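Q: Before I ask anything, let me first share the structure, which is written out below as structure tokens.
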Amino acid sequence: MPVVRAGGVSLAYDEYGAGEPVVMVTGTGAPGRMWRTHQVPALTAAGHRVITLDNRGIPPSDPCPDDFTLDAMAGDVARLIEQLDVGPCRVVGYSLGAIAVQELLLARPDLVRQAVLMATAARADALTEAMTAADLELGDAATRLPPRFSAYVKALQNLSPRTLNDDERLQDWLAVFELASPDPTAFRGQLGLQLIPDRRAAYRRISRPCLVIGFQDDLVVRPHLSREVAAAIPGARYTEIPGCGHYGYLENPAAVNSAIIEFFNHDRQAVNSRSRIAHLDGLVGPAGVRLA
């Protein structure tokens with residue numbers, strides 16, 4: 001896995017495919033390889049160079065310092081884009097990663113062409129605060145839950161009733177959760193970054209085209225919180241994927257990938273249309289007389 005070093009920070013990343021670049025930012029405690037099974041193949045097939053990032057706290061990227069902040073996380077994404085010289089590019093963020101991308105859109109809009117914000121929020125509500133406090137307590141206890149118990153809790157939190165009621169699919173998910181149960185002490189610095197004040201007024205200054213994706217059965221970031229983000233960002237589009245929990249991009253990747261690619265293609269079509277208009281403006285005079 002290649003590593004870039006900028007501003008004294010080492011960040012690990014992976015690259016796939018060729019074409020217009022897309023940088024993908026995961027949520028709390030998740031490695032960049034989470035995108036590899038479903039989103040990377042779809043986006044590379046659609047003609048994109050996909051760059052996945054391991055946020056600080058996810059080895060082999062640097063550990064999170066004690067004073068790690070959301071602004072620092074957004075700054076890491078900016079560092080990667082600058083070091084790879086891919087800006088302005090498309091950026092996809094999920095959960096905490098989406099909140100970091102929202103701050104990137106405010107701090108460094110010059111680095112972003114379009115943004116997709118999945119399972120995101122503009123504020124921390126009471127349930128978010130309660131869940132975060134519990135996660136911080138667990139992280140501070142420096143203990144790991146038994147893998148089977150951790151898998152069961154993660155399934156209830158992150159999967160839709162449709163998946164929970166499908167015995168065969170659920171068994172597959174539980175097996176994955178048991179094997180991939182992360183150590184919360186490793187990404188302790190990421191915990192709590194989602195405890196943001198109400199940022200809706202600030203998000204009205206976002207100037208780049210955004211697609212916000214919510215998941216109908218999401219219990220971690222309820223979809224009304226994502227709708228608030230879309231309502232705050234001027235011109236943002238919102239789509240809600242039915243029958244999905246917080247892990248909607250893995251539960252129904254076809255619908256998620258289709259929404260992302262359609263959004264990117266809409267931008268391509270708009271650019272092509274503007275190019276054609278500019279070309280015609282150069283060929284046709286004000287009275288409709290052709291100049292060349």
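Following the order of the structure tokens, first chain is A, next is B, and so on, with residues numbered from 1 inside each chain and ligands from 1 in the order they appear.
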Write out as JSON, numbers by chain the set of residues from stretch 86-291 of chain A that DSSP, computed on the backbone, places in alpha helix (DSSP H).
A: {"A": [96, 97, 98, 99, 100, 101, 102, 103, 104, 105, 106, 107, 126, 127, 128, 129, 130, 131, 132, 133, 134, 135, 136, 137, 138, 139, 140, 141, 147, 148, 149, 150, 151, 152, 153, 154, 155, 156, 157, 158, 161, 162, 163, 164, 167, 168, 169, 170, 171, 172, 173, 174, 175, 176, 177, 178, 179, 200, 201, 202, 203, 223, 224, 225, 226, 227, 228, 229, 230, 231, 232, 248, 249, 250, 251, 253, 254, 255, 256, 257, 258, 259, 260, 261, 262, 263, 264, 265, 266, 267, 268, 269, 270, 271, 272, 273, 274, 275, 276, 277, 278, 279, 280, 281, 282, 283]}
Q: Which residues, written as a list in words, have at least one atom at most 9 Å from A:Gly189, with only C-alpha atoms counted and residues fewer than 3 positions away on the same chain left out?
A: Arg56, Gly57, Pro63, Cys64, Pro65, Asp66, Asp67, Phe68, Thr69, Thr185, Ala186, Gly192 and Leu193 of chain A
Q: Let me see the file: selected residues, C-alpha atoms, as a PDB file, in the first residue's frame.
A:
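The resulting file, selection_8.pdb, is reproduced below:
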ATOM      1  CA  ARG A  56      -5.349   8.524  10.574  1.00  0.00           C
ATOM      2  CA  GLY A  57      -5.873   5.884  13.245  1.00  0.00           C
ATOM      3  CA  PRO A  63      -2.066   7.114  14.633  1.00  0.00           C
ATOM      4  CA  CYS A  64      -4.448   9.871  15.664  1.00  0.00           C
ATOM      5  CA  PRO A  65      -2.811  12.378  18.014  1.00  0.00           C
ATOM      6  CA  ASP A  66      -4.577  13.110  21.300  1.00  0.00           C
ATOM      7  CA  ASP A  67      -5.800  16.434  19.929  1.00  0.00           C
ATOM      8  CA  PHE A  68      -7.081  15.034  16.610  1.00  0.00           C
ATOM      9  CA  THR A  69      -9.961  17.115  15.249  1.00  0.00           C
ATOM     10  CA  THR A 185      -8.270   1.592  21.026  1.00  0.00           C
ATOM     11  CA  ALA A 186      -6.593   1.755  17.596  1.00  0.00           C
ATOM     12  CA  GLY A 192     -16.273  11.811  19.185  1.00  0.00           C
ATOM     13  CA  LEU A 193     -15.438  13.739  16.006  1.00  0.00           C
TER      14      LEU A 193
END
Q: Please identify which residues in stretch 129-232 of chain A DSSP calls strand (DSSP E) from the backbone, and express them as a PyMOL selection string.
A: chain A and resi 210-215
Q: With only C-alpha atoms as the counted atoms, please give the residues lying no more than 10 Å from A:Ile206, apart from itself and same-chain residues fewer than 4 positions off, as an MDAnalysis selection string.
A: chainID A and resid 102:107 109 202 210 232:236
Q: Would you export the selected residues with all heavy atoms as a compact mmCIF listing (two decimals), in the first residue's frame, please?
A:
# COMPACT_ATOMS: atom_id res chain seq x y z
N GLN A 102 -17.62 17.49 4.19
CA GLN A 102 -18.36 18.75 4.28
C GLN A 102 -17.46 19.89 4.78
O GLN A 102 -17.53 21.02 4.27
CB GLN A 102 -19.57 18.57 5.20
CG GLN A 102 -20.68 17.77 4.55
CD GLN A 102 -21.58 17.00 5.51
OE1 GLN A 102 -22.20 16.01 5.13
NE2 GLN A 102 -21.66 17.42 6.76
N GLU A 103 -16.59 19.59 5.74
CA GLU A 103 -15.66 20.61 6.22
C GLU A 103 -14.60 20.92 5.16
O GLU A 103 -14.16 22.07 5.03
CB GLU A 103 -15.03 20.16 7.53
CG GLU A 103 -16.03 19.99 8.67
CD GLU A 103 -16.86 21.24 8.93
OE1 GLU A 103 -16.29 22.35 8.95
OE2 GLU A 103 -18.09 21.10 9.11
N LEU A 104 -14.20 19.91 4.39
CA LEU A 104 -13.28 20.14 3.27
C LEU A 104 -13.91 21.08 2.25
O LEU A 104 -13.24 21.97 1.71
CB LEU A 104 -12.92 18.81 2.62
CG LEU A 104 -12.05 18.87 1.36
CD1 LEU A 104 -10.63 19.33 1.70
CD2 LEU A 104 -12.02 17.51 0.65
N LEU A 105 -15.19 20.90 1.98
CA LEU A 105 -15.89 21.75 1.02
C LEU A 105 -15.89 23.21 1.44
O LEU A 105 -15.88 24.11 0.60
CB LEU A 105 -17.33 21.27 0.85
CG LEU A 105 -17.52 19.99 0.04
CD1 LEU A 105 -18.88 19.38 0.30
CD2 LEU A 105 -17.35 20.27 -1.46
N LEU A 106 -15.89 23.44 2.74
CA LEU A 106 -15.84 24.81 3.25
C LEU A 106 -14.42 25.36 3.25
O LEU A 106 -14.19 26.52 2.88
CB LEU A 106 -16.41 24.86 4.68
CG LEU A 106 -17.91 24.66 4.81
CD1 LEU A 106 -18.30 24.55 6.29
CD2 LEU A 106 -18.68 25.81 4.16
N ALA A 107 -13.46 24.54 3.68
CA ALA A 107 -12.08 25.01 3.84
C ALA A 107 -11.32 25.07 2.52
O ALA A 107 -10.52 25.98 2.30
CB ALA A 107 -11.34 24.12 4.84
N PRO A 109 -12.58 24.47 -1.12
CA PRO A 109 -13.45 24.16 -2.26
C PRO A 109 -12.69 24.03 -3.57
O PRO A 109 -13.18 23.39 -4.51
CB PRO A 109 -14.43 25.34 -2.29
CG PRO A 109 -13.71 26.45 -1.58
CD PRO A 109 -12.90 25.78 -0.52
N ALA A 202 -23.49 27.19 8.29
CA ALA A 202 -22.19 27.18 7.60
C ALA A 202 -22.28 26.46 6.26
O ALA A 202 -21.66 26.89 5.28
CB ALA A 202 -21.14 26.51 8.49
N CYS A 210 -23.38 18.83 -4.84
CA CYS A 210 -23.37 17.75 -3.86
C CYS A 210 -24.58 16.84 -4.05
O CYS A 210 -25.69 17.31 -4.33
CB CYS A 210 -23.40 18.31 -2.43
SG CYS A 210 -21.92 19.19 -1.94
N ALA A 232 -29.61 22.25 3.51
CA ALA A 232 -28.74 23.38 3.84
C ALA A 232 -27.81 23.75 2.70
O ALA A 232 -27.50 24.93 2.50
CB ALA A 232 -27.92 23.05 5.09
N ILE A 233 -27.34 22.77 1.92
CA ILE A 233 -26.36 23.03 0.87
C ILE A 233 -27.09 23.53 -0.38
O ILE A 233 -27.95 22.83 -0.92
CB ILE A 233 -25.54 21.77 0.54
CG1 ILE A 233 -24.74 21.32 1.76
CG2 ILE A 233 -24.62 22.02 -0.65
CD1 ILE A 233 -24.03 19.99 1.58
N PRO A 234 -26.77 24.71 -0.88
CA PRO A 234 -27.47 25.23 -2.07
C PRO A 234 -27.36 24.29 -3.26
O PRO A 234 -26.27 23.86 -3.64
CB PRO A 234 -26.73 26.55 -2.34
CG PRO A 234 -26.16 26.96 -1.02
CD PRO A 234 -25.78 25.67 -0.34
N GLY A 235 -28.52 23.96 -3.83
CA GLY A 235 -28.56 23.14 -5.03
C GLY A 235 -28.28 21.67 -4.82
O GLY A 235 -28.22 20.91 -5.80
N ALA A 236 -28.10 21.21 -3.58
CA ALA A 236 -27.78 19.80 -3.35
C ALA A 236 -28.95 18.91 -3.73
O ALA A 236 -30.11 19.27 -3.58
CB ALA A 236 -27.40 19.58 -1.88
Q: Find the residues near A:Pro41: any atom within 10 Å, counting only C-alpha atoms, skip ones fewer than 4 places away on the same chain, and give them as a list in words.
A: Tyr16, Gly17, Trp35, Arg36, Thr37, Ala45, Ala46, His48, Val50 and Asn257 of chain A
Q: Restricting it to C-alpha atoms, dump the selection as an mmCIF file, in the first residue's frame.
A:
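See again_12.cif below for the written result:
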data_model
loop_
_atom_site.group_PDB
_atom_site.id
_atom_site.type_symbol
_atom_site.label_atom_id
_atom_site.label_comp_id
_atom_site.auth_asym_id
_atom_site.auth_seq_id
_atom_site.Cartn_x
_atom_site.Cartn_y
_atom_site.Cartn_z
ATOM 1 C CA TYR A 16 -7.564 1.544 -8.892
ATOM 2 C CA GLY A 17 -8.359 2.151 -12.539
ATOM 3 C CA TRP A 35 -14.896 0.359 -0.759
ATOM 4 C CA ARG A 36 -13.038 -2.369 -2.634
ATOM 5 C CA THR A 37 -15.722 -5.031 -3.019
ATOM 6 C CA ALA A 45 -15.895 0.389 -14.900
ATOM 7 C CA ALA A 46 -17.520 3.817 -15.293
ATOM 8 C CA HIS A 48 -12.819 6.650 -12.936
ATOM 9 C CA VAL A 50 -10.525 5.526 -7.609
ATOM 10 C CA ASN A 257 -23.376 2.943 -7.109
#
Q: Near stretch 2-9 of chain A, within 9 Å and counting only C-alpha atoms, which residues show up once chain neighbours fewer than 6 positions away are dropped, as a list in words?
A: Glu15, Arg56, Pro60, Ser61, Asp62, Asp76, Arg79, Leu80, Gln83 and Leu84 of chain A
Q: With C-alpha atoms retained, write the just-selected residues as a compact mmCIF listing (two decimals), in the first residue's frame.
A:
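Result written to out07.txt:
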# COMPACT_ATOMS: atom_id res chain seq x y z
CA GLU A 15 -5.46 3.42 -6.35
CA ARG A 56 -5.35 8.52 10.57
CA PRO A 60 -0.48 1.92 8.13
CA SER A 61 -1.55 5.59 8.28
CA ASP A 62 -0.26 7.48 11.29
CA ASP A 76 -5.69 14.96 5.66
CA ARG A 79 -3.14 16.70 1.79
CA LEU A 80 -3.79 13.51 -0.16
CA GLN A 83 0.18 15.28 -2.97
CA LEU A 84 -1.35 13.14 -5.71
Q: Mind checking which residues fall within 12 Å of A:Phe149, counting only C-alpha atoms, ignoring those fewer than 4 positions away in the same chain, and posting them as a VMD selection string?
A: chain A and resid 144 to 145 153 to 156 174 to 175 177 to 178 181
Q: Looking at only C-alpha atoms, which of A:Ile58, A:Leu219, A:Val212, A:Leu179 is the one that sits closest to A:Tyr238?
A: A:Val212
Q: Ranking A:Ser95, A:Ser258, A:Thr44, A:Ser150 by minimum distance to A:Gly29 and counting only C-alpha atoms, which one comes first?
A: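 Looking at the shortest contact to A:Gly29, the residue is A:Ser95.
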Q: Can you work out the spacing between atom CA of A:Met34 and atom CA of A:Arg227 in Å, to one decimal?
A: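 Taking atom CA of A:Met34 as the start and atom CA of A:Arg227 as the end point, the length is 24.4 Å.
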Q: Could you tell me how far atom CA of A:Gln114 sits from atom CA of A:Leu250, in Å to one decimal place?
A: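 Computed distance, atom CA of A:Leu250 to atom CA of A:Gln114, equals 21.9 Å.
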Q: Which residues, written as a list in words, have at least one atom at most 6 Å from A:Tyr13, with only C-alpha atoms counted and residues fewer than 2 positions away on the same chain left out?
A: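 Skipping anything fewer than 2 positions along the chain leaves Pro2, Thr52, Leu53 and Asp54 of chain A.
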Q: May I have the selected residues written with C-alpha atoms, as a PDB file, in the first residue's frame?
A:
ATOM      1  CA  PRO A   2       1.544   3.362  -1.004  1.00  0.00           C
ATOM      2  CA  THR A  52      -9.233   5.088  -1.245  1.00  0.00           C
ATOM      3  CA  LEU A  53      -7.781   6.533   1.955  1.00  0.00           C
ATOM      4  CA  ASP A  54      -6.949   5.016   5.325  1.00  0.00           C
TER       5      ASP A  54
END
Q: To one decimal in Å, tell me the separation between atom CA of A:Ile99 and atom CA of A:Ala201.
A: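 Here the two named atoms are 14.5 Å from each other.
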Q: Taking into account only C-alpha atoms, which residue in the set A:Ala142, A:Ala124, A:Ala115, A:Ala180 is nearest to A:Asp267?
A: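 Result for the nearest residue to A:Asp267: A:Ala115.
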